[in-house]
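Visitor: Input file: run_3.tsv. Contents: TSV, C-alpha atoms.
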chain	number	residue	atom	x	y	z
A	16	MET	CA	-8.73	4.69	-26.15
A	17	LYS	CA	-11.48	3.05	-24.09
A	18	SER	CA	-8.99	2.23	-21.33
A	19	VAL	CA	-7.75	5.82	-21.24
A	20	VAL	CA	-11.34	7.08	-20.87
A	21	TYR	CA	-11.98	4.63	-18.02
A	22	GLU	CA	-8.79	5.69	-16.25
A	23	THR	CA	-9.69	9.37	-16.61
A	24	LEU	CA	-13.05	8.67	-14.99
A	25	ARG	CA	-11.34	6.74	-12.16
A	26	THR	CA	-8.96	9.64	-11.57
A	27	LEU	CA	-11.86	12.08	-11.29
A	28	ARG	CA	-13.73	9.71	-8.96
A	29	VAL	CA	-10.79	9.24	-6.59
A	30	GLY	CA	-10.09	12.99	-6.58
A	31	ALA	CA	-13.71	13.72	-5.69
A	32	TYR	CA	-13.28	11.91	-2.36
A	33	PHE	CA	-10.52	14.27	-1.19
A	34	PRO	CA	-12.82	16.59	0.82
A	35	LEU	CA	-14.08	13.62	2.84
A	36	GLY	CA	-10.87	13.53	4.87
A	37	TRP	CA	-7.72	15.38	5.29
A	38	SER	CA	4.06	-8.48	-14.85
A	39	LEU	CA	0.64	-10.37	-15.41
A	40	GLN	CA	0.16	-13.36	-13.16
A	41	LYS	CA	-2.86	-15.14	-11.81
A	42	LEU	CA	-3.49	-14.13	-8.24
A	43	GLN	CA	-2.19	-16.94	-6.05
A	44	THR	CA	-3.89	-16.82	-2.68
A	45	ARG	CA	-4.93	-19.55	-0.31
A	46	VAL	CA	-8.52	-19.96	0.76
A	47	ALA	CA	-8.98	-19.26	4.45
A	48	SER	CA	-11.22	-21.38	6.62
A	49	PRO	CA	-14.20	-19.56	8.20
A	50	SER	CA	-12.36	-19.31	11.54
A	51	GLN	CA	-9.18	-18.03	9.85
A	52	LYS	CA	-11.16	-15.46	7.87
A	53	SER	CA	-12.89	-14.29	11.05
A	54	MET	CA	-9.51	-13.74	12.71
A	55	LEU	CA	-8.12	-11.96	9.64
A	56	HIS	CA	-11.08	-9.56	9.74
A	57	LYS	CA	-10.04	-8.60	13.30
A	58	LYS	CA	-6.38	-7.96	12.46
A	59	PRO	CA	-5.18	-4.34	12.40
A	60	LEU	CA	-5.25	-2.98	8.86
A	61	ILE	CA	-3.48	0.30	8.06
A	62	LEU	CA	-4.08	2.21	4.80
A	63	VAL	CA	-1.19	4.49	3.78
A	64	HIS	CA	-2.00	7.10	1.13
A	65	GLY	CA	0.41	8.73	-1.30
A	66	ALA	CA	1.48	12.30	-2.06
A	67	PHE	CA	-1.02	15.18	-2.30
A	68	HIS	CA	-3.86	13.11	-0.86
A	69	ASN	CA	-5.32	12.03	2.45
A	70	ARG	CA	-7.06	8.99	3.95
A	71	SER	CA	-10.05	9.46	1.63
A	72	ALA	CA	-7.91	8.01	-1.19
A	73	PHE	CA	-8.99	4.59	0.11
A	74	PHE	CA	-12.70	5.42	0.37
A	75	GLU	CA	-13.82	2.71	-2.08
A	76	LEU	CA	-11.49	0.08	-0.63
A	77	GLN	CA	-12.72	0.85	2.89
A	78	GLN	CA	-16.33	0.36	1.81
A	79	LYS	CA	-15.43	-3.06	0.41
A	80	LEU	CA	-13.52	-3.99	3.55
A	81	PHE	CA	-16.37	-3.01	5.86
A	82	GLN	CA	-18.82	-5.00	3.74
A	83	LYS	CA	-16.57	-8.04	4.06
A	84	GLY	CA	-16.41	-7.72	7.84
A	85	PHE	CA	-13.03	-6.07	8.47
A	86	SER	CA	-13.43	-4.20	11.74
A	87	GLN	CA	-9.98	-2.78	12.55
A	88	VAL	CA	-9.28	-0.57	9.53
A	89	GLN	CA	-7.44	2.71	9.99
A	90	GLY	CA	-6.47	5.23	7.34
A	91	LEU	CA	-3.47	7.37	8.14
A	92	GLU	CA	-3.45	11.14	7.69
A	93	LEU	CA	0.00	12.11	6.36
A	94	LEU	CA	1.10	15.65	5.51
A	95	THR	CA	3.26	14.58	2.58
A	96	THR	CA	3.93	18.15	1.44
A	97	VAL	CA	5.29	19.16	4.85
A	98	TYR	CA	7.30	16.28	6.31
A	99	SER	CA	10.15	14.11	5.06
A	100	VAL	CA	9.81	10.39	4.41
A	101	ASP	CA	11.74	9.70	7.60
A	102	SER	CA	9.29	11.75	9.68
A	103	LEU	CA	6.29	10.15	7.98
A	104	ALA	CA	7.77	6.69	8.60
A	105	GLU	CA	8.04	7.51	12.31
A	106	LYS	CA	4.37	8.49	12.40
A	107	LEU	CA	3.47	5.26	10.62
A	108	LYS	CA	5.41	3.22	13.16
A	109	ASP	CA	3.73	4.99	16.08
A	110	ASP	CA	0.25	4.46	14.65
A	111	VAL	CA	0.89	0.80	13.84
A	112	ARG	CA	2.24	0.10	17.33
A	113	THR	CA	-0.79	1.78	18.89
A	114	LEU	CA	-3.28	-0.17	16.80
A	115	VAL	CA	-1.45	-3.47	17.34
A	116	ALA	CA	-1.40	-2.94	21.11
A	117	ARG	CA	-5.11	-2.15	21.06
A	118	ASN	CA	-5.87	-5.40	19.22
A	119	GLU	CA	-3.71	-7.83	21.19
A	120	SER	CA	-6.75	-9.24	22.99
A	121	LEU	CA	-8.85	-9.57	19.81
A	122	CYS	CA	-6.79	-12.07	17.84
A	123	GLU	CA	-3.96	-14.54	18.31
A	124	ASP	CA	-1.73	-12.76	15.83
A	125	PRO	CA	-2.29	-8.98	16.17
A	126	ARG	CA	0.42	-8.03	13.67
A	127	ALA	CA	-0.78	-5.41	11.19
A	128	GLN	CA	-1.48	-5.68	7.49
A	129	LEU	CA	-0.54	-2.60	5.44
A	130	VAL	CA	-1.92	-1.38	2.11
A	131	ALA	CA	0.13	1.48	0.67
A	132	HIS	CA	-0.34	3.56	-2.47
A	133	SER	CA	2.48	5.33	-4.34
A	134	LEU	CA	4.66	7.37	-1.95
A	135	GLY	CA	2.92	5.54	0.90
A	136	GLY	CA	4.74	2.38	-0.14
A	137	ILE	CA	8.12	4.10	0.18
A	138	ILE	CA	7.13	5.33	3.64
A	139	VAL	CA	6.25	1.75	4.59
A	140	ARG	CA	9.54	0.39	3.26
A	141	ARG	CA	11.46	3.06	5.17
A	142	ALA	CA	9.64	2.11	8.38
A	143	LEU	CA	10.41	-1.58	7.80
A	144	GLN	CA	14.13	-0.82	7.74
A	145	ASP	CA	13.81	-0.48	11.53
A	146	PRO	CA	14.48	-3.97	12.96
A	147	ASN	CA	12.63	-3.01	16.13
A	148	PHE	CA	9.46	-2.33	14.14
A	149	VAL	CA	9.30	-5.22	11.67
A	150	HIS	CA	7.71	-7.68	14.10
A	151	HIS	CA	4.57	-5.49	14.26
A	152	VAL	CA	3.74	-6.23	10.60
A	153	CYS	CA	2.82	-9.45	8.79
A	154	ARG	CA	1.84	-8.40	5.26
A	155	VAL	CA	2.24	-5.46	2.89
A	156	ILE	CA	0.37	-4.73	-0.34
A	157	PHE	CA	1.97	-2.06	-2.54
A	158	LEU	CA	-0.11	-0.16	-5.11
A	159	GLY	CA	1.81	1.80	-7.74
A	160	THR	CA	4.85	2.32	-5.53
A	161	PRO	CA	8.01	3.66	-7.29
A	162	HIS	CA	10.42	1.11	-5.79
A	163	GLN	CA	13.05	1.90	-8.44
A	164	GLY	CA	12.61	5.65	-8.11
A	165	LEU	CA	11.58	8.30	-10.61
A	166	LYS	CA	13.84	10.03	-13.13
A	167	ARG	CA	12.05	13.37	-12.97
A	168	ILE	CA	10.65	15.07	-9.87
A	169	PRO	CA	8.37	18.03	-10.74
A	170	TRP	CA	7.92	19.20	-7.11
A	171	SER	CA	10.48	20.21	-4.50
A	172	PHE	CA	8.75	18.95	-1.34
A	173	PRO	CA	11.13	16.92	0.87
A	174	SER	CA	9.13	13.68	0.65
A	175	ILE	CA	8.76	13.98	-3.13
A	176	ARG	CA	12.47	14.69	-3.70
A	177	SER	CA	13.21	11.40	-1.95
A	178	LEU	CA	11.49	9.55	-4.80
A	179	HIS	CA	14.24	10.45	-7.28
A	180	ALA	CA	16.01	7.32	-8.47
A	181	GLU	CA	19.38	8.68	-7.32
A	182	SER	CA	18.27	9.85	-3.87
A	183	GLN	CA	20.02	8.34	-0.86
A	184	LEU	CA	16.74	6.89	0.35
A	185	LEU	CA	15.97	5.04	-2.89
A	186	LYS	CA	19.54	3.79	-3.12
A	187	SER	CA	19.24	2.48	0.43
A	188	LEU	CA	15.95	0.73	-0.28
A	189	ARG	CA	17.30	-0.87	-3.46
A	190	GLU	CA	20.39	-2.14	-1.66
A	191	ASP	CA	18.69	-3.44	1.50
A	192	PRO	CA	16.85	-6.77	1.29
A	193	LEU	CA	13.17	-6.74	2.18
A	194	ALA	CA	12.38	-7.56	5.78
A	195	PRO	CA	12.25	-11.35	6.31
A	196	GLY	CA	9.15	-13.10	7.59
A	197	LEU	CA	6.69	-10.77	5.87
A	198	SER	CA	4.38	-11.39	2.91
A	199	PHE	CA	4.80	-8.78	0.14
A	200	TRP	CA	2.48	-8.17	-2.83
A	201	ASN	CA	3.21	-5.58	-5.51
A	202	LEU	CA	0.30	-4.44	-7.71
A	203	ARG	CA	1.01	-2.11	-10.66
A	204	GLY	CA	-0.93	-0.20	-13.29
A	205	GLY	CA	-0.08	-0.66	-16.96
A	206	LEU	CA	-1.45	2.80	-17.79
A	207	ASP	CA	0.26	4.49	-14.85
A	208	VAL	CA	2.02	7.68	-16.02
A	209	VAL	CA	2.78	8.91	-12.49
A	210	THR	CA	4.74	5.83	-11.43
A	211	PRO	CA	5.37	3.95	-14.71
A	212	LEU	CA	6.10	0.24	-14.88
A	213	SER	CA	9.84	0.85	-15.12
A	214	SER	CA	9.74	2.37	-11.63
A	215	THR	CA	7.28	0.07	-9.85
A	216	PHE	CA	8.84	-3.37	-10.29
A	217	LEU	CA	9.92	-5.01	-7.03
A	218	PRO	CA	12.26	-8.02	-7.33
A	219	ASN	CA	11.72	-11.29	-5.49
A	220	VAL	CA	8.05	-10.72	-4.64
A	221	PHE	CA	4.70	-11.28	-6.34
A	222	ASN	CA	4.22	-8.59	-9.04
A	223	ARG	CA	0.92	-8.21	-10.88
A	224	THR	CA	0.27	-5.68	-13.65
A	225	TYR	CA	-3.25	-4.48	-14.49
A	226	ARG	CA	-2.85	-3.50	-18.12
A	227	SER	CA	-5.84	-1.13	-18.32
A	228	VAL	CA	-5.36	0.61	-14.97
A	229	GLY	CA	-3.48	3.79	-14.14
A	230	HIS	CA	-2.28	5.42	-10.94
A	231	ALA	CA	-5.66	6.48	-9.57
A	232	GLY	CA	-7.27	3.35	-10.97
A	233	LEU	CA	-5.32	1.27	-8.47
A	234	LEU	CA	-7.55	2.90	-5.83
A	235	SER	CA	-10.86	2.46	-7.64
A	236	SER	CA	-10.68	-0.39	-10.17
A	237	GLN	CA	-13.06	-3.09	-8.98
A	238	GLU	CA	-10.66	-5.77	-10.22
A	239	VAL	CA	-7.80	-4.32	-8.18
A	240	LEU	CA	-9.92	-3.74	-5.08
A	241	SER	CA	-11.31	-7.28	-5.23
A	242	ASP	CA	-7.78	-8.68	-5.48
A	243	VAL	CA	-6.64	-6.59	-2.51
A	244	VAL	CA	-9.51	-7.95	-0.41
A	245	GLU	CA	-8.75	-11.50	-1.57
A	246	ILE	CA	-5.13	-11.13	-0.48
A	247	LEU	CA	-6.14	-9.68	2.89
A	248	GLU	CA	-8.54	-12.55	3.45
A	249	SER	CA	-5.94	-15.22	2.69
A	250	PRO	CA	-3.69	-16.80	5.33
A	251	VAL	CA	-0.41	-14.95	5.68
A	252	TYR	CA	2.38	-16.70	3.79
A	253	ASP	CA	5.15	-15.98	1.31
A	254	PRO	CA	3.39	-15.97	-2.11
A	255	LEU	CA	6.52	-17.09	-4.00
Can you give me the file's structure in the form of structure tokens?

Guide:
Amino acid sequence: MKSVVYETLRTLRVGAYFPLGWSLQKLQTRVASPSQKSMLHKKPLILVHGAFHNRSAFFELQQKLFQKGFSQVQGLELLTTVYSVDSLAEKLKDDVRTLVARNESLCEDPRAQLVAHSLGGIIVRRALQDPNFVHHVCRVIFLGTPHQGLKRIPWSFPSIRSLHAESQLLKSLREDPLAPGLSFWNLRGGLDVVTPLSSTFLPNVFNRTYRSVGHAGLLSSQEVLSDVVEILESPVYDPL
């Protein structure tokens, strides 16, 4: 009951930011040297929100990132109720390429790190199916992403319909191997009723379940946010 109350409060807190914009495992990260951490703070970092939200979904994470010294953080603004996943993936690719090009002189490895929540993770995976785009990205952190699809879709928007487990997009993503050479992390909420555990498991990558966290909690739980920052501050490598 206590966990449900906490998650309800997290949901209200994350929702309040909207007007500001338009398996248990121990976390296994390497400790970066001061010089490595400094370079990681300069790498492009793209935050990809989910359905019915905007860039303010990551308000609390952005505050943590700025406090830690990350200087190249960009939240996307995606009209998820208007455009299809394919169209949104094209926008993501354009924005990532632009930010990477802008940062080429700031760090030796300007490839972007991506943090994606819910539908945002599916948009990222769709973009990574483009072999001409993959080399712009080095690491992806998924938060509550329905990799296996959902059995029921209560809304008829094009991007939401694509989340059905039997959609062509989800079938394609399940059949295609993840892009090689990238580091993938999959964080899930045990109390998530929007994208339940049965839909968020991603094979062959690091999966961590936060038993007392729900869908919105993945954007506001201090434990989750601290882990996301720890991952982003660790040298890029395959965690498995």

Visitor: Please provide as a PyMOL selection string all residues within 6 Å of range 154-163 of chain A, with the sequence filter that same-chain residues fewer than 6 positions apart are discarded (counting only C-alpha atoms).

Guide: chain A and resi 128-133+136+197-203+210+214-215

Visitor: Could you jot down the CA of Leu206 in chain A to CA of Leu60 in chain A separation for me, Å, one decimal place?

Guide: 27.5 Å

Visitor: Excluding Thr96 in chain A and its own-chain neighbours fewer than 2 positions away, which residues fall within 10 Å of it when counting all atoms listed in the file? Please give them as a list in words.

Guide: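 These residues fall inside the cut-off: Ala66, Phe67, His68, Leu93, Leu94, Tyr98, Ser99, Trp170, Ser171, Phe172, Pro173, Ser174 and Ile175 of chain A.
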
Visitor: I'd like the neighbourhood of range 108-123 of chain A as an MDAnalysis selection string, where a residue qualifies if any of its atoms comes within 12 Å (using all atoms listed in the file), though same-chain residues fewer than 4 positions away should be ignored.

Guide: chainID A and resid 50:63 86:93 101:104 127:129 138:153

Visitor: Rounded to one decimal, what separation in Å do you get between CA of Leu80 in chain A and CA of Pro195 in chain A?

Guide: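 Here the two named atoms are 26.9 Å from each other.
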
Visitor: For a cut-off of 9 Å around (-14.3, 2.3, -2.6), file coordinates, pick out all residues using only C-alpha atoms and list them as a short mmCIF file (atom, residue, chain, number, x, y, z; two decimals) with C-alpha atoms, keeping the file's coordinate frame.

Guide:
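After the write, point.cif holds the following:
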data_model
loop_
_atom_site.label_atom_id
_atom_site.label_comp_id
_atom_site.auth_asym_id
_atom_site.auth_seq_id
_atom_site.Cartn_x
_atom_site.Cartn_y
_atom_site.Cartn_z
CA VAL A 29 -10.79 9.24 -6.59
CA ALA A 72 -7.91 8.01 -1.19
CA PHE A 73 -8.99 4.59 0.11
CA PHE A 74 -12.70 5.42 0.37
CA GLU A 75 -13.82 2.71 -2.08
CA LEU A 76 -11.49 0.08 -0.63
CA GLN A 77 -12.72 0.85 2.89
CA GLN A 78 -16.33 0.36 1.81
CA LYS A 79 -15.43 -3.06 0.41
CA LEU A 80 -13.52 -3.99 3.55
CA LEU A 234 -7.55 2.90 -5.83
CA SER A 235 -10.86 2.46 -7.64
CA SER A 236 -10.68 -0.39 -10.17
CA GLN A 237 -13.06 -3.09 -8.98
CA LEU A 240 -9.92 -3.74 -5.08
#

Visitor: Could you tell me how far CA of Phe85 in chain A sits from CA of Val244 in chain A, in Å to one decimal place?

Guide: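 If I compute the distance from CA of Val244 in chain A to CA of Phe85 in chain A, I get 9.7 Å.
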
Visitor: Choose the residue, out of A:Lys83, A:Leu217, A:Val251, A:Asp124, that has the smallest atom-to-atom separation from Leu193 in chain A; count all atoms listed in the file.

Guide: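 Smallest distance to Leu193 in chain A is found for A:Leu217.
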